[in-house]
$ cat query15.cif   # mmCIF, C-alpha atoms
data_input
#
loop_
_atom_site.label_atom_id
_atom_site.label_comp_id
_atom_site.auth_asym_id
_atom_site.auth_seq_id
_atom_site.Cartn_x
_atom_site.Cartn_y
_atom_site.Cartn_z
CA GLY A 3 -20.22 2.42 -0.21
CA ALA A 4 -18.33 4.57 -2.65
CA GLY A 5 -14.96 3.89 -1.11
CA VAL A 6 -13.23 1.93 1.63
CA SER A 7 -14.27 3.20 5.03
CA GLN A 8 -12.26 2.75 8.22
CA SER A 9 -13.09 3.59 11.80
CA PRO A 10 -12.07 5.10 14.04
CA SER A 11 -9.81 7.54 12.21
CA ASN A 12 -7.78 8.06 15.36
CA LYS A 13 -7.41 5.93 18.46
CA VAL A 14 -5.36 6.61 21.57
CA THR A 15 -5.16 3.73 23.99
CA GLU A 16 -3.25 2.80 27.07
CA LYS A 17 -0.58 0.12 26.94
CA GLY A 18 -2.08 -3.26 27.74
CA LYS A 19 -5.60 -2.46 26.50
CA ASP A 20 -7.27 -4.21 23.58
CA VAL A 21 -8.35 -2.30 20.47
CA GLU A 22 -10.62 -3.08 17.53
CA LEU A 23 -10.23 -1.43 14.16
CA ARG A 24 -12.95 -1.66 11.55
CA CYS A 25 -12.85 -1.74 7.76
CA ASP A 26 -15.82 -1.54 5.42
CA PRO A 27 -14.60 -2.42 1.91
CA ILE A 28 -16.03 -1.33 -1.42
CA SER A 29 -19.22 -3.25 -2.08
CA GLY A 30 -18.62 -6.36 -4.18
CA HIS A 31 -14.87 -6.48 -3.60
CA THR A 32 -13.82 -10.02 -2.73
CA ALA A 33 -10.26 -9.26 -1.64
CA LEU A 34 -9.46 -7.33 1.54
CA TYR A 35 -6.02 -6.48 2.91
CA TRP A 36 -4.71 -5.01 6.14
CA TYR A 37 -1.39 -3.17 6.26
CA ARG A 38 0.31 -1.02 8.82
CA GLN A 39 2.64 1.88 8.30
CA SER A 40 4.90 3.24 10.99
CA LEU A 41 6.11 6.81 10.78
CA GLY A 42 8.46 7.24 7.85
CA GLN A 43 8.30 3.56 6.94
CA GLY A 44 6.82 1.51 4.13
CA LEU A 45 3.61 -0.51 4.15
CA GLU A 46 3.87 -3.74 6.10
CA PHE A 47 1.43 -6.47 5.05
CA LEU A 48 -0.59 -7.99 7.90
CA ILE A 49 -3.42 -10.19 6.63
CA TYR A 50 -5.36 -10.95 3.43
CA PHE A 51 -8.93 -12.19 2.97
CA GLN A 52 -10.11 -13.58 -0.38
CA GLY A 53 -13.75 -14.54 -0.69
CA ASN A 54 -14.59 -17.54 1.46
CA SER A 55 -11.02 -18.88 1.52
CA ALA A 56 -9.01 -19.14 4.71
CA PRO A 57 -7.20 -15.84 5.29
CA ASP A 58 -3.48 -15.45 4.72
CA LYS A 59 -2.23 -14.45 8.16
CA SER A 60 1.44 -14.69 7.34
CA GLY A 61 2.09 -10.99 8.01
CA LEU A 62 0.67 -10.80 11.52
CA PRO A 63 3.59 -9.82 13.79
CA SER A 64 2.45 -11.72 16.88
CA ASP A 65 -0.44 -13.72 18.31
CA ARG A 66 -1.77 -10.52 19.87
CA PHE A 67 -3.02 -9.61 16.41
CA SER A 68 -6.10 -11.22 14.88
CA ALA A 69 -8.64 -10.32 12.23
CA GLU A 70 -11.91 -11.57 10.92
CA ARG A 71 -14.15 -10.79 8.02
CA THR A 72 -17.83 -11.46 8.54
CA GLY A 73 -20.15 -12.24 5.64
CA GLY A 74 -17.43 -11.48 3.15
CA SER A 75 -17.74 -7.77 3.83
CA VAL A 76 -16.76 -5.85 6.97
CA SER A 77 -13.46 -6.75 8.61
CA THR A 78 -12.22 -6.16 12.14
CA LEU A 79 -8.57 -6.13 13.17
CA THR A 80 -8.07 -6.75 16.88
CA ILE A 81 -4.90 -6.05 18.80
CA GLN A 82 -4.79 -7.47 22.30
CA ARG A 83 -2.62 -6.14 25.12
CA THR A 84 -1.34 -3.26 23.01
CA GLN A 85 2.30 -2.26 23.19
CA GLN A 86 3.94 1.04 22.31
CA GLU A 87 5.52 -0.52 19.21
CA ASP A 88 2.00 -1.15 17.88
CA SER A 89 1.64 2.60 17.33
CA ALA A 90 1.20 3.09 13.59
CA VAL A 91 -1.36 3.85 10.90
CA TYR A 92 -3.41 0.76 10.11
CA LEU A 93 -4.58 0.75 6.50
CA CYS A 94 -7.24 -1.41 4.93
CA ALA A 95 -7.59 -1.94 1.19
CA SER A 96 -9.94 -3.88 -1.03
CA SER A 97 -9.89 -5.03 -4.63
CA GLN A 98 -12.49 -6.55 -6.90
CA ASP A 99 -10.53 -9.77 -7.07
CA ARG A 100 -7.04 -10.95 -6.30
CA GLY A 101 -4.31 -9.34 -8.34
CA GLN A 102 -6.41 -6.35 -9.26
CA LYS A 103 -5.90 -2.74 -8.28
CA ALA A 104 -6.52 -2.10 -4.63
CA PHE A 105 -8.19 0.92 -3.07
CA PHE A 106 -7.31 2.13 0.39
CA GLY A 107 -9.29 3.55 3.25
CA GLN A 108 -8.02 6.62 5.06
CA GLY A 109 -6.53 4.51 7.80
CA THR A 110 -6.71 4.39 11.58
CA ARG A 111 -3.94 6.20 13.40
CA LEU A 112 -3.27 4.17 16.56
CA THR A 113 -1.26 5.65 19.39
CA VAL A 114 -0.39 3.51 22.39
CA VAL A 115 0.62 5.53 25.44
CA ARG B 27 17.32 -9.39 -3.38
CA LYS B 28 14.32 -7.73 -1.72
CA GLU B 29 10.90 -8.38 -3.29
CA VAL B 30 10.58 -4.74 -4.31
CA GLU B 31 13.31 -2.11 -4.25
CA GLN B 32 13.11 1.59 -4.91
CA ASP B 33 15.54 4.46 -4.63
CA PRO B 34 14.15 6.48 -1.69
CA GLY B 35 15.38 9.79 -3.15
CA PRO B 36 14.45 12.52 -2.64
CA PHE B 37 14.38 13.60 -6.23
CA ASN B 38 14.42 17.38 -6.16
CA VAL B 39 13.39 18.85 -9.53
CA PRO B 40 12.17 22.22 -10.87
CA GLU B 41 8.71 22.69 -12.27
CA GLY B 42 8.51 21.57 -15.87
CA ALA B 43 11.25 18.97 -15.54
CA THR B 44 10.98 15.37 -16.63
CA VAL B 45 11.77 12.82 -13.94
CA ALA B 46 11.89 9.03 -13.96
CA PHE B 47 11.82 6.43 -11.19
CA ASN B 48 12.69 2.77 -11.40
CA CYS B 49 11.59 -0.10 -9.24
CA THR B 50 13.18 -3.56 -9.31
CA TYR B 51 11.40 -6.73 -8.26
CA SER B 52 12.54 -10.26 -7.54
CA ASN B 53 9.51 -12.41 -8.39
CA SER B 54 9.88 -13.25 -12.06
CA ALA B 55 6.35 -14.70 -12.17
CA SER B 56 4.75 -11.37 -11.24
CA GLN B 57 1.86 -10.36 -13.47
CA SER B 58 0.21 -7.32 -11.94
CA PHE B 59 2.13 -4.13 -11.34
CA PHE B 60 0.99 -0.74 -10.13
CA TRP B 61 2.23 2.69 -9.19
CA TYR B 62 0.64 4.45 -6.23
CA ARG B 63 1.12 7.95 -4.94
CA GLN B 64 1.14 8.78 -1.24
CA ASP B 65 0.94 12.28 0.13
CA CYS B 66 2.22 13.07 3.60
CA ARG B 67 -0.01 11.52 6.30
CA LYS B 68 -2.49 10.26 3.70
CA GLU B 69 -3.39 6.84 2.37
CA PRO B 70 -1.82 5.54 -0.87
CA LYS B 71 -3.84 6.33 -3.98
CA LEU B 72 -3.65 4.36 -7.21
CA LEU B 73 -1.80 6.31 -9.88
CA MET B 74 -1.75 3.78 -12.69
CA SER B 75 -1.53 0.13 -13.58
CA VAL B 76 1.53 -1.06 -15.51
CA TYR B 77 0.87 -3.11 -18.60
CA SER B 78 3.31 -5.28 -20.54
CA SER B 79 3.09 -2.98 -23.55
CA GLY B 80 3.62 0.14 -21.46
CA ASN B 81 0.92 2.70 -20.87
CA GLU B 82 0.50 6.43 -20.75
CA ASP B 83 -1.92 8.61 -18.83
CA GLY B 84 -1.44 12.30 -19.57
CA ARG B 85 1.98 13.34 -18.27
CA PHE B 86 2.63 9.91 -16.75
CA THR B 87 4.13 6.92 -18.54
CA ALA B 88 4.69 3.49 -17.02
CA GLN B 89 6.92 0.82 -18.52
CA LEU B 90 7.60 -2.81 -17.68
CA ASN B 91 10.88 -4.55 -18.46
CA ARG B 92 10.40 -8.23 -17.71
CA ALA B 93 13.87 -9.29 -18.82
CA SER B 94 15.54 -7.00 -16.31
CA GLN B 95 12.69 -7.20 -13.80
CA TYR B 96 11.97 -3.56 -13.30
CA ILE B 97 9.16 -1.13 -13.82
CA SER B 98 9.52 2.57 -14.40
CA LEU B 99 7.46 5.71 -14.03
CA LEU B 100 8.14 8.80 -16.11
CA ILE B 101 6.61 12.15 -15.23
CA ARG B 102 6.79 14.89 -17.83
CA ASP B 103 6.29 18.62 -17.25
CA SER B 104 6.39 18.23 -13.45
CA LYS B 105 3.94 20.29 -11.40
CA LEU B 106 4.27 21.42 -7.80
CA SER B 107 1.31 19.16 -7.04
CA ASP B 108 3.30 16.11 -8.17
CA SER B 109 5.35 16.37 -4.97
CA ALA B 110 4.65 13.11 -3.12
CA THR B 111 6.05 9.66 -2.48
CA TYR B 112 5.62 7.20 -5.35
CA LEU B 113 5.15 3.57 -4.39
CA CYS B 114 5.82 0.65 -6.66
CA VAL B 115 3.61 -2.43 -6.15
CA VAL B 116 4.18 -6.00 -7.26
CA PRO B 117 2.47 -9.20 -6.17
CA ARG B 118 4.20 -11.16 -3.44
CA SER B 119 5.97 -14.31 -4.55
CA GLY B 120 4.19 -17.61 -4.04
CA GLY B 121 1.15 -16.96 -6.19
CA SER B 122 -0.90 -15.22 -3.53
CA TYR B 123 -1.25 -11.92 -5.44
CA ILE B 124 -0.84 -10.00 -2.20
CA PRO B 125 0.30 -6.51 -3.21
CA THR B 126 3.81 -5.88 -1.93
CA PHE B 127 4.78 -2.25 -1.68
CA GLY B 128 8.17 -0.71 -2.17
CA ARG B 129 9.38 1.82 0.40
CA GLY B 130 8.67 4.57 -2.08
CA THR B 131 10.56 7.31 -3.90
CA SER B 132 10.15 10.84 -2.66
CA LEU B 133 9.66 13.56 -5.28
CA ILE B 134 9.90 17.25 -4.50
CA VAL B 135 9.00 19.67 -7.28
CA HIS B 136 10.09 23.23 -6.57
CA PRO B 137 9.24 26.52 -8.29
#
$ encode --input "query15.cif" --output "structure tokens"
Amino acid sequence: GAGVSQSPSNKVTEKGKDVELRCDPISGHTALYWYRQSLGQGLEFLIYFQGNSAPDKSGLPSDRFSAERTGGSVSTLTIQRTQQEDSAVYLCASSQDRGQKAFFGQGTRLTVV
Amino acid sequence: RKEVEQDPGPFNVPEGATVAFNCTYSNSASQSFFWYRQDCRKEPKLLMSVYSSGNEDGRFTAQLNRASQYISLLIRDSKLSDSATYLCVVPRSGGSYIPTFGRGTSLIVHP
């Protein structure tokens, strides 16, 4: 596609439910990043995929968070047993290769009630 | 020292003013630097890359000072539409190239 696409754009879920957030990166981009941004805060790194290498999961805040990237393209971020503190905007970005400029999707605004 | 530090501001300037932001970083091995702009409730958008020799794009100039480990962004002839948060980006230490974002500097341009 022309840009990074994320879905859904908004998600309201009940505490304790699982959610899946999707990211479709720019075609041909080998690097894919997930960040989250709480209201009024900076971007917090979550996970990084680079080609066929094992992902860098060092930013995941707990084992309730996981992500996969199938076929080197679409990525899914899963949050199990959501908590209110998980409420944030989840942003996905991709770049042609590591170290190069990254382009963001519009984000998924997650609200846990 | 934090990986990336920025003055949060806000910088409140009149239209037409020149304003400059600095961003300090701790990873001396960093190679790729960027400035992003983020509007309220929107995703960050790439403003410009920062090259060793400095670079200019219209009213915007970015500079890199490796010795002092900071990058700067200069905006000339500020417009109302420049009002936004400006994010500095450097690669995370450890050679992973993961973009690490500063907290951002808020700019408000008023008439």
$ resolve_selection --input "query15.cif" --expression "the PyMOL selection byres ((chain A and resi 25) around 6)" --output "NGL selection string"
:A and (7-8 or 24 or 26 or 76-77)
$ atom_distance --input "query15.cif" --atom1 "CA of Gly80 in chain B" --atom2 "CA of Ala43 in chain B"
21.2 Å
$ interface_residues --input "query15.cif" --of "chain A" --to "chain B" --cutoff "9 Å" --atoms "all atoms listed in the file" --output "PyMOL selection string"
chain A and resi 35+41+43-47+50+58+93+100-109
$ resolve_selection --input "query15.cif" --expression "the PyMOL selection byres ((chain A and resi 69) around 8)" --output "ChimeraX atom specification"
/A:49,67-68,70-71,77-80
$ write_last_selection --input "query15.cif" --atoms "C-alpha atoms" --output "compact mmCIF listing (two decimals), in the frame of the given file"
# COMPACT_ATOMS: atom_id res chain seq x y z
CA ILE A 49 -3.42 -10.19 6.63
CA PHE A 67 -3.02 -9.61 16.41
CA SER A 68 -6.10 -11.22 14.88
CA GLU A 70 -11.91 -11.57 10.92
CA ARG A 71 -14.15 -10.79 8.02
CA SER A 77 -13.46 -6.75 8.61
CA THR A 78 -12.22 -6.16 12.14
CA LEU A 79 -8.57 -6.13 13.17
CA THR A 80 -8.07 -6.75 16.88
$ resolve_selection --input "query15.cif" --expression "the PyMOL selection byres ((chain B and resi 103) around 7)" --output "JSON, numbers by chain"
{"B": [41, 42, 43, 44, 85, 101, 102, 104, 105]}
$ write_last_selection --input "query15.cif" --atoms "C-alpha atoms" --output "PDB file, in the coordinates of the input"
ATOM      1  CA  GLU B  41       8.710  22.690 -12.270  1.00  0.00           C
ATOM      2  CA  GLY B  42       8.510  21.570 -15.870  1.00  0.00           C
ATOM      3  CA  ALA B  43      11.250  18.970 -15.540  1.00  0.00           C
ATOM      4  CA  THR B  44      10.980  15.370 -16.630  1.00  0.00           C
ATOM      5  CA  ARG B  85       1.980  13.340 -18.270  1.00  0.00           C
ATOM      6  CA  ILE B 101       6.610  12.150 -15.230  1.00  0.00           C
ATOM      7  CA  ARG B 102       6.790  14.890 -17.830  1.00  0.00           C
ATOM      8  CA  SER B 104       6.390  18.230 -13.450  1.00  0.00           C
ATOM      9  CA  LYS B 105       3.940  20.290 -11.400  1.00  0.00           C
TER      10      LYS B 105
END
$ residues_around --input "query15.cif" --residues "Arg111 in chain A" --least-positions-apart "5" --cutoff "9 Å" --atoms "only C-alpha atoms" --output "ChimeraX atom specification"
/A:10-14,89-93
$ closest_residue --input "query15.cif" --among "A:Gln86, A:Thr72, A:Thr15, A:Ser97" --to "Pro27 in chain A" --atoms "all atoms listed in the file"
A:Ser97
$ residues_around --input "query15.cif" --residues "range 106-108 of chain B" --least-positions-apart "2" --cutoff "10 Å" --atoms "all atoms listed in the file" --output "list in words"
Val39, Pro40, Glu41, Gly42, Arg63, Asp65, Ile101, Asp103, Ser104, Ala110, Thr111, Tyr112, Leu133, Ile134, Val135, His136 and Pro137 of chain B
$ write_last_selection --input "query15.cif" --atoms "C-alpha atoms" --output "tab-separated table (two decimals), in the coordinates of the input"
chain	number	residue	atom	x	y	z
B	39	VAL	CA	13.39	18.85	-9.53
B	40	PRO	CA	12.17	22.22	-10.87
B	41	GLU	CA	8.71	22.69	-12.27
B	42	GLY	CA	8.51	21.57	-15.87
B	63	ARG	CA	1.12	7.95	-4.94
B	65	ASP	CA	0.94	12.28	0.13
B	101	ILE	CA	6.61	12.15	-15.23
B	103	ASP	CA	6.29	18.62	-17.25
B	104	SER	CA	6.39	18.23	-13.45
B	110	ALA	CA	4.65	13.11	-3.12
B	111	THR	CA	6.05	9.66	-2.48
B	112	TYR	CA	5.62	7.20	-5.35
B	133	LEU	CA	9.66	13.56	-5.28
B	134	ILE	CA	9.90	17.25	-4.50
B	135	VAL	CA	9.00	19.67	-7.28
B	136	HIS	CA	10.09	23.23	-6.57
B	137	PRO	CA	9.24	26.52	-8.29
$ atom_distance --input "query15.cif" --atom1 "CA of Ala4 in chain A" --atom2 "CA of Ser96 in chain A"
12.0 Å
$ closest_residue --input "query15.cif" --among "B:Leu73, B:Phe86, B:Arg92, B:Thr131" --to "Gly35 in chain B" --atoms "only C-alpha atoms"
B:Thr131
$ atom_distance --input "query15.cif" --atom1 "CA of Ser78 in chain B" --atom2 "CA of Ile97 in chain B"
9.8 Å
$ closest_residue --input "query15.cif" --among "A:Ile28, A:Val21, A:Leu62, A:Ala56" --to "Thr84 in chain A" --atoms "all atoms listed in the file"
A:Val21
$ decode --input "query15.cif" --residues "range 70-81 of chain A" --atoms "all heavy atoms" --output "short mmCIF file (atom, residue, chain, number, x, y, z; two decimals), in the first residue's frame"
data_model
loop_
_atom_site.label_atom_id
_atom_site.label_comp_id
_atom_site.auth_asym_id
_atom_site.auth_seq_id
_atom_site.Cartn_x
_atom_site.Cartn_y
_atom_site.Cartn_z
N GLU A 70 3.48 -10.88 16.39
CA GLU A 70 4.07 -11.70 15.35
C GLU A 70 3.98 -10.95 14.03
O GLU A 70 3.19 -10.01 13.87
CB GLU A 70 3.36 -13.05 15.25
CG GLU A 70 1.90 -12.99 14.93
CD GLU A 70 1.29 -14.40 14.81
OE1 GLU A 70 1.85 -15.34 15.40
OE2 GLU A 70 0.27 -14.53 14.13
N ARG A 71 4.82 -11.40 13.12
CA ARG A 71 4.83 -10.81 11.79
C ARG A 71 4.90 -11.96 10.80
O ARG A 71 5.90 -12.66 10.72
CB ARG A 71 6.03 -9.89 11.60
CG ARG A 71 5.97 -9.11 10.28
CD ARG A 71 7.15 -8.21 10.11
NE ARG A 71 7.01 -7.41 8.89
CZ ARG A 71 7.96 -6.68 8.35
NH1 ARG A 71 9.15 -6.62 8.93
NH2 ARG A 71 7.74 -5.99 7.25
N THR A 72 3.81 -12.15 10.07
CA THR A 72 3.71 -13.30 9.18
C THR A 72 4.19 -12.94 7.78
O THR A 72 3.83 -11.88 7.26
CB THR A 72 2.26 -13.79 9.13
OG1 THR A 72 1.41 -12.67 8.84
CG2 THR A 72 1.85 -14.38 10.47
N GLY A 73 5.01 -13.81 7.20
CA GLY A 73 5.46 -13.62 5.83
C GLY A 73 6.23 -12.34 5.62
O GLY A 73 6.33 -11.85 4.49
N GLY A 74 6.78 -11.80 6.68
CA GLY A 74 7.57 -10.58 6.55
C GLY A 74 6.76 -9.37 6.20
O GLY A 74 7.31 -8.34 5.80
N SER A 75 5.43 -9.45 6.39
CA SER A 75 4.61 -8.30 6.02
C SER A 75 3.73 -7.88 7.20
O SER A 75 4.19 -7.22 8.12
CB SER A 75 3.77 -8.62 4.79
OG SER A 75 2.99 -7.51 4.41
N VAL A 76 2.49 -8.32 7.21
CA VAL A 76 1.51 -7.89 8.22
C VAL A 76 1.95 -8.34 9.61
O VAL A 76 2.47 -9.43 9.80
CB VAL A 76 0.13 -8.48 7.89
CG1 VAL A 76 -0.86 -8.22 9.01
CG2 VAL A 76 -0.39 -7.89 6.58
N SER A 77 1.72 -7.46 10.58
CA SER A 77 2.04 -7.77 11.97
C SER A 77 0.80 -7.62 12.83
O SER A 77 -0.07 -6.77 12.56
CB SER A 77 3.14 -6.83 12.49
OG SER A 77 3.41 -7.08 13.85
N THR A 78 0.72 -8.47 13.86
CA THR A 78 -0.38 -8.40 14.81
C THR A 78 0.20 -8.28 16.21
O THR A 78 1.09 -9.05 16.59
CB THR A 78 -1.24 -9.67 14.75
OG1 THR A 78 -1.73 -9.84 13.42
CG2 THR A 78 -2.41 -9.57 15.70
N LEU A 79 -0.29 -7.29 16.95
CA LEU A 79 0.08 -7.13 18.36
C LEU A 79 -1.11 -7.61 19.18
O LEU A 79 -2.23 -7.14 18.97
CB LEU A 79 0.39 -5.66 18.66
CG LEU A 79 0.71 -5.30 20.12
CD1 LEU A 79 2.07 -5.87 20.52
CD2 LEU A 79 0.72 -3.78 20.31
N THR A 80 -0.85 -8.54 20.09
CA THR A 80 -1.91 -9.10 20.92
C THR A 80 -1.67 -8.73 22.37
O THR A 80 -0.54 -8.86 22.87
CB THR A 80 -1.95 -10.64 20.78
OG1 THR A 80 -2.18 -10.98 19.40
CG2 THR A 80 -3.07 -11.22 21.63
N ILE A 81 -2.71 -8.26 23.01
CA ILE A 81 -2.65 -7.98 24.44
C ILE A 81 -3.68 -8.87 25.11
O ILE A 81 -4.89 -8.81 24.80
CB ILE A 81 -2.96 -6.50 24.76
CG1 ILE A 81 -2.10 -5.57 23.90
CG2 ILE A 81 -2.72 -6.23 26.24
CD1 ILE A 81 -2.45 -4.09 24.03
#
